[in-house]
Every structure is written in C-alpha cells, then in structure tokens.
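**Q** The following file, model05.txt, comprises compact mmCIF, C-alpha atoms:
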# COMPACT_ATOMS: atom_id res chain seq x y z
CA MET A 1 63.76 147.11 46.48
CA ALA A 2 60.19 147.98 47.38
CA ALA A 3 59.32 148.05 51.06
CA SER A 4 57.25 145.18 52.37
CA GLY A 5 53.60 145.72 51.49
CA THR A 6 54.45 148.33 48.85
CA ALA A 7 53.44 147.49 45.30
CA ALA A 8 56.20 147.66 42.71
CA PRO A 9 55.68 150.34 40.08
CA ARG A 10 54.00 148.96 36.99
CA ARG A 11 56.09 148.71 33.86
CA LEU A 12 54.47 150.25 30.81
CA VAL A 13 55.83 148.87 27.56
CA GLN A 14 55.21 149.72 23.93
CA TYR A 15 55.59 146.62 21.79
CA VAL A 16 56.52 146.94 18.11
CA VAL A 17 56.38 143.88 15.84
CA VAL A 18 58.30 144.08 12.56
CA ARG A 19 58.35 141.66 9.64
CA SER A 20 61.81 140.07 9.62
CA ASP A 21 61.41 138.84 6.04
CA LEU A 22 61.63 142.44 4.85
CA VAL A 23 65.34 142.41 5.73
CA HIS A 24 66.27 138.74 5.49
CA THR A 25 64.31 137.64 2.41
CA LEU A 26 63.19 140.75 0.52
CA SER A 27 66.47 142.65 1.14
CA TRP A 28 64.95 145.91 2.32
CA PRO A 29 67.60 148.27 3.68
CA LEU A 30 67.72 148.11 7.48
CA GLY A 31 67.13 151.87 7.72
CA ALA A 32 63.90 151.55 5.74
CA VAL A 33 62.65 148.84 8.10
CA ILE A 34 63.56 150.89 11.18
CA THR A 35 61.62 153.78 9.65
CA GLN A 36 58.54 151.56 9.36
CA ALA A 37 58.78 150.71 13.06
CA CYS A 38 59.10 154.40 13.94
CA HIS A 39 56.01 155.25 11.87
CA ALA A 40 53.95 152.54 13.58
CA ALA A 41 55.09 153.48 17.10
CA ILE A 42 54.29 157.16 16.64
CA ALA A 43 50.96 156.38 14.97
CA ALA A 44 49.93 154.11 17.87
CA ILE A 45 50.81 156.86 20.37
CA HIS A 46 48.92 159.46 18.31
CA LEU A 47 45.79 157.31 17.97
CA ASN A 48 45.75 156.65 21.72
CA TYR A 49 47.10 159.98 22.93
CA ASN A 50 44.37 160.58 25.53
CA ASP A 51 44.59 157.07 26.97
CA PRO A 52 45.76 157.17 30.63
CA ASP A 53 48.51 154.57 30.04
CA THR A 54 49.78 156.52 27.04
CA GLN A 55 49.87 159.73 29.07
CA GLU A 56 51.73 158.01 31.90
CA TYR A 57 54.21 156.50 29.38
CA LEU A 58 54.84 159.90 27.80
CA ALA A 59 55.26 161.57 31.20
CA GLU A 60 58.31 159.36 31.82
CA LEU A 61 60.07 160.59 28.68
CA ASP A 62 63.57 159.54 29.73
CA SER A 63 62.57 156.04 30.76
CA MET A 64 60.27 154.86 27.98
CA HIS A 65 60.45 151.12 27.42
CA LYS A 66 59.93 149.58 23.97
CA VAL A 67 60.32 145.97 22.89
CA VAL A 68 60.83 145.23 19.19
CA LEU A 69 59.80 141.75 18.14
CA GLN A 70 59.88 139.98 14.79
CA ALA A 71 57.08 138.43 12.79
CA MET A 72 58.34 135.97 10.20
CA ASP A 73 56.23 137.28 7.31
CA GLN A 74 53.14 139.21 6.26
CA ALA A 75 50.80 136.35 7.17
CA SER A 76 52.05 136.12 10.76
CA LEU A 77 51.89 139.91 11.16
CA SER A 78 48.33 140.03 9.80
CA SER A 79 47.28 137.12 12.02
CA LEU A 80 48.67 138.91 15.08
CA SER A 81 46.81 142.09 14.13
CA GLU A 82 43.56 140.12 13.85
CA THR A 83 44.14 138.48 17.25
CA LEU A 84 44.89 141.83 18.88
CA THR A 85 41.73 143.32 17.37
CA GLU A 86 39.64 140.36 18.62
CA LYS A 87 41.09 140.80 22.13
CA GLY A 88 40.47 144.56 22.14
CA VAL A 89 44.17 145.45 22.21
CA ALA A 90 44.75 148.91 20.72
CA HIS A 91 47.40 148.87 18.02
CA LYS A 92 48.28 150.31 14.65
CA LEU A 93 49.05 148.04 11.71
CA TRP A 94 51.42 150.10 9.56
CA ILE A 95 50.77 149.68 5.84
CA GLU A 96 53.44 151.24 3.64
CA GLN A 97 52.02 153.38 0.84
CA PRO A 98 51.73 153.53 -2.10
CA GLU A 99 52.77 149.85 -2.16
CA ASN A 100 49.95 148.88 0.27
CA VAL A 101 52.30 146.49 2.10
CA PRO A 102 51.80 145.73 5.82
CA THR A 103 55.28 146.08 7.36
CA CYS A 104 54.85 146.20 11.13
CA LEU A 105 52.51 147.03 13.96
CA ALA A 106 52.80 148.83 17.26
CA LEU A 107 50.66 148.58 20.36
CA LYS A 108 49.79 151.56 22.49
CA PRO A 109 51.71 151.45 25.78
CA TYR A 110 50.31 148.75 28.08
CA PRO A 111 51.35 147.21 31.37
CA LYS A 112 53.66 144.39 30.29
CA ASP A 113 51.70 141.67 32.09
CA ILE A 114 48.51 142.53 30.18
CA VAL A 115 49.83 142.05 26.62
CA HIS A 116 52.91 139.84 26.95
CA PRO A 117 50.83 136.62 26.85
CA LEU A 118 49.58 137.60 23.37
CA LEU A 119 53.12 138.21 22.12
CA HIS A 120 55.14 135.47 23.83
CA LYS A 121 55.67 133.42 20.64
CA PHE A 122 57.43 136.34 18.88
CA LYS A 123 61.18 136.63 19.39
CA LEU A 124 63.25 139.80 19.68
CA PHE A 125 63.95 141.34 16.27
CA LYS A 126 67.39 140.43 14.90
Represent the structure of the file as structure tokens.
**A**
Amino acid sequence: MAASGTAAPRRLVQYVVVRSDLVHTLSWPLGAVITQACHAAIAAIHLNYNDPDTQEYLAELDSMHKVVLQAMDQASLSSLSETLTEKGVAHKLWIEQPENVPTCLALKPYPKDIVHPLLHKFKLFK
C-alpha cells in the first residue's frame, strides 16, 4: 500500500477491441482473430513509438497490461474508431488485406482513467 501522501503509480493499459462477430457469426478460426488483435496492437505501438506513455509501457516489459474488449460487429467497431479520432485518442484500426475488412483496433498505451470512459460500454472479449 502506498504511504500516506504518496501517489499510487499510474496504470498504463493498451486496449484492443476485436469484432466478436468474426468468431461467433462469420466462423473465423479463433487463431486468425487473435492474429488480427496482435497486428493491431503492434501497429499501434509502432505508430506511437516515441510517445512518452508508449516508452514507459515498453520499459516495463514484464508487467505490460492489455485489455481485450469485443465490438459486436463492423459498424460498432467503425463507430468507436470515429469517436476515438474525434476525441484525439491515438489508435490503429486494423483492416485485413486484401479483403479490406476492418477486424479490430488497438489504442496506444494510455493511463486507464483517461480512456476507460470511452470504452466502458464494451465488454471483455469472449
């Protein structure tokens, strides 16, 4: 427990939001969907590599914290991406090629309290 008057360390989190319909409706293999999430997470880190939060997140290699959430379909994923863009939240919308299908998105690492309010309606991926 932190000593009185000492601020608790901030928790940096990388959120990944994956379309659940890919597995549950379109019958994509689970491994293929996990691969999409990995692509998006790495792309978001790469695009924001010099960001101070990203550097701090990477410096704690053995204690990285990711949260994987589910979007019900392409429309909800695209709507979230638009909202994040409007709010200035850095993220990568992963679009699988050559099919040109949006499959997931990943945010750069952020303090949890900054971005959680934008993601609270999305449930953990199942």
**Q** Would you mind listing what lies within 9 Å of Val67 (chain A) as a PyMOL selection string, with all atoms listed in the file counted and same-chain residues fewer than 2 positions away left out?
**A** chain A and resi 13-17+65+69+124-125
**Q** What does the distance from CA of Glu96 (chain A) to CA of Ala40 (chain A) come to in Å, to one decimal?
**A**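 A separation of 10.0 Å between them.
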**Q** Using all atoms listed in the file for the distances, tell me which of A:Val18, A:Ile42, A:Val89, A:Ala71 is nearest to Leu105 (chain A).
**A**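 Checking each of A:Val18, A:Ile42, A:Val89, A:Ala71 against Leu105 (chain A), counting all atoms listed in the file, the winner is A:Val18.
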**Q** What gap, in Å, lies between CA of Pro29 (chain A) and CA of Cys104 (chain A)?
**A**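 Straight-line distance from CA of Pro29 (chain A) to CA of Cys104 (chain A) works out to 14.9 Å.
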**Q** Which protein, DNA or RNA residues are at most 12 Å from (64.0, 148.0, 10.0) in the file's coordinates when you count only C-alpha atoms, listed as a ChimeraX atom specification?
**A** /A:16-24,26-40,68-70,103-104,125-126
**Q** One number please: CA of Ile114 (chain A) to CA of Leu12 (chain A), in Å, one decimal.
**A** 9.8 Å
**Q** Would you pick out the contacts of Ser81 (chain A) at 10 Å or less, using all atoms listed in the file, so that residues sharing its chain but fewer than 3 positions from it are not included, and give the list as an mmCIF file with C-alpha atoms, in the frame of the given file?
**A**
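Result written to around05.cif:
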data_model
loop_
_atom_site.group_PDB
_atom_site.id
_atom_site.type_symbol
_atom_site.label_atom_id
_atom_site.label_comp_id
_atom_site.auth_asym_id
_atom_site.auth_seq_id
_atom_site.Cartn_x
_atom_site.Cartn_y
_atom_site.Cartn_z
ATOM 1 C CA VAL A 17 56.380 143.880 15.840
ATOM 2 C CA ALA A 75 50.800 136.350 7.170
ATOM 3 C CA SER A 76 52.050 136.120 10.760
ATOM 4 C CA LEU A 77 51.890 139.910 11.160
ATOM 5 C CA SER A 78 48.330 140.030 9.800
ATOM 6 C CA LEU A 84 44.890 141.830 18.880
ATOM 7 C CA THR A 85 41.730 143.320 17.370
ATOM 8 C CA GLU A 86 39.640 140.360 18.620
ATOM 9 C CA LYS A 87 41.090 140.800 22.130
ATOM 10 C CA VAL A 89 44.170 145.450 22.210
ATOM 11 C CA ALA A 90 44.750 148.910 20.720
ATOM 12 C CA HIS A 91 47.400 148.870 18.020
ATOM 13 C CA LYS A 92 48.280 150.310 14.650
ATOM 14 C CA LEU A 93 49.050 148.040 11.710
ATOM 15 C CA CYS A 104 54.850 146.200 11.130
ATOM 16 C CA LEU A 105 52.510 147.030 13.960
ATOM 17 C CA ALA A 106 52.800 148.830 17.260
ATOM 18 C CA LEU A 107 50.660 148.580 20.360
#
**Q** Counting only C-alpha atoms, which of A:Gly88, A:Pro102, A:Asn48, A:Leu58 gets nearest to Gln74 (chain A)?
**A** A:Pro102
**Q** If the box runs along x, y and z of the file and leaves 4 Å on each side of region 71-77 of chain A, what are its centre and edge lengths in Å, one decimal, as lines of an AutoDock Vina configuration file?
**A**
center_x = 54.6
center_y = 137.9
center_z = 9.5
size_x = 15.5
size_y = 11.9
size_z = 14.5
**Q** Please rebuild region 63-88 of chain A with N, CA and C atoms and return the result as a tab-separated table (two decimals), keeping the file's coordinate frame.
**A**
chain	number	residue	atom	x	y	z
A	63	SER	N	62.52	157.46	30.39
A	63	SER	CA	62.57	156.04	30.76
A	63	SER	C	61.52	155.22	30.02
A	64	MET	N	61.19	155.64	28.79
A	64	MET	CA	60.27	154.86	27.98
A	64	MET	C	60.86	153.48	27.72
A	65	HIS	N	59.99	152.48	27.64
A	65	HIS	CA	60.45	151.12	27.42
A	65	HIS	C	59.71	150.56	26.21
A	66	LYS	N	60.49	150.21	25.17
A	66	LYS	CA	59.93	149.58	23.97
A	66	LYS	C	60.57	148.22	23.81
A	67	VAL	N	59.81	147.28	23.24
A	67	VAL	CA	60.32	145.97	22.89
A	67	VAL	C	59.99	145.76	21.43
A	68	VAL	N	61.02	145.45	20.63
A	68	VAL	CA	60.83	145.23	19.19
A	68	VAL	C	60.96	143.74	18.92
A	69	LEU	N	59.88	143.18	18.43
A	69	LEU	CA	59.80	141.75	18.14
A	69	LEU	C	59.73	141.53	16.64
A	70	GLN	N	59.94	140.28	16.22
A	70	GLN	CA	59.88	139.98	14.79
A	70	GLN	C	58.74	139.02	14.47
A	71	ALA	N	58.04	139.34	13.40
A	71	ALA	CA	57.08	138.43	12.79
A	71	ALA	C	57.78	137.86	11.56
A	72	MET	N	57.59	136.61	11.29
A	72	MET	CA	58.34	135.97	10.20
A	72	MET	C	57.96	136.50	8.81
A	73	ASP	N	56.68	136.87	8.64
A	73	ASP	CA	56.23	137.28	7.31
A	73	ASP	C	54.91	138.05	7.44
A	74	GLN	N	54.38	138.43	6.28
A	74	GLN	CA	53.14	139.21	6.26
A	74	GLN	C	51.97	138.43	6.88
A	75	ALA	N	51.90	137.15	6.64
A	75	ALA	CA	50.80	136.35	7.17
A	75	ALA	C	50.82	136.33	8.70
A	76	SER	N	51.99	136.15	9.30
A	76	SER	CA	52.05	136.12	10.76
A	76	SER	C	51.76	137.49	11.36
A	77	LEU	N	52.19	138.56	10.68
A	77	LEU	CA	51.89	139.91	11.16
A	77	LEU	C	50.39	140.18	11.08
A	78	SER	N	49.78	139.82	9.97
A	78	SER	CA	48.33	140.03	9.80
A	78	SER	C	47.52	139.21	10.79
A	79	SER	N	47.96	137.98	11.04
A	79	SER	CA	47.28	137.12	12.02
A	79	SER	C	47.36	137.73	13.42
A	80	LEU	N	48.53	138.25	13.77
A	80	LEU	CA	48.67	138.91	15.08
A	80	LEU	C	47.74	140.11	15.17
A	81	SER	N	47.68	140.92	14.12
A	81	SER	CA	46.81	142.09	14.13
A	81	SER	C	45.35	141.68	14.34
A	82	GLU	N	44.93	140.61	13.68
A	82	GLU	CA	43.56	140.12	13.85
A	82	GLU	C	43.32	139.66	15.29
A	83	THR	N	44.27	138.94	15.86
A	83	THR	CA	44.14	138.48	17.25
A	83	THR	C	44.05	139.66	18.21
A	84	LEU	N	44.91	140.65	18.02
A	84	LEU	CA	44.89	141.83	18.88
A	84	LEU	C	43.55	142.56	18.78
A	85	THR	N	43.03	142.67	17.57
A	85	THR	CA	41.73	143.32	17.37
A	85	THR	C	40.64	142.53	18.09
A	86	GLU	N	40.64	141.20	17.95
A	86	GLU	CA	39.64	140.36	18.62
A	86	GLU	C	39.70	140.50	20.14
A	87	LYS	N	40.91	140.69	20.68
A	87	LYS	CA	41.09	140.80	22.13
A	87	LYS	C	40.92	142.23	22.64
A	88	GLY	N	40.66	143.18	21.73
A	88	GLY	CA	40.47	144.56	22.14
A	88	GLY	C	41.75	145.29	22.49
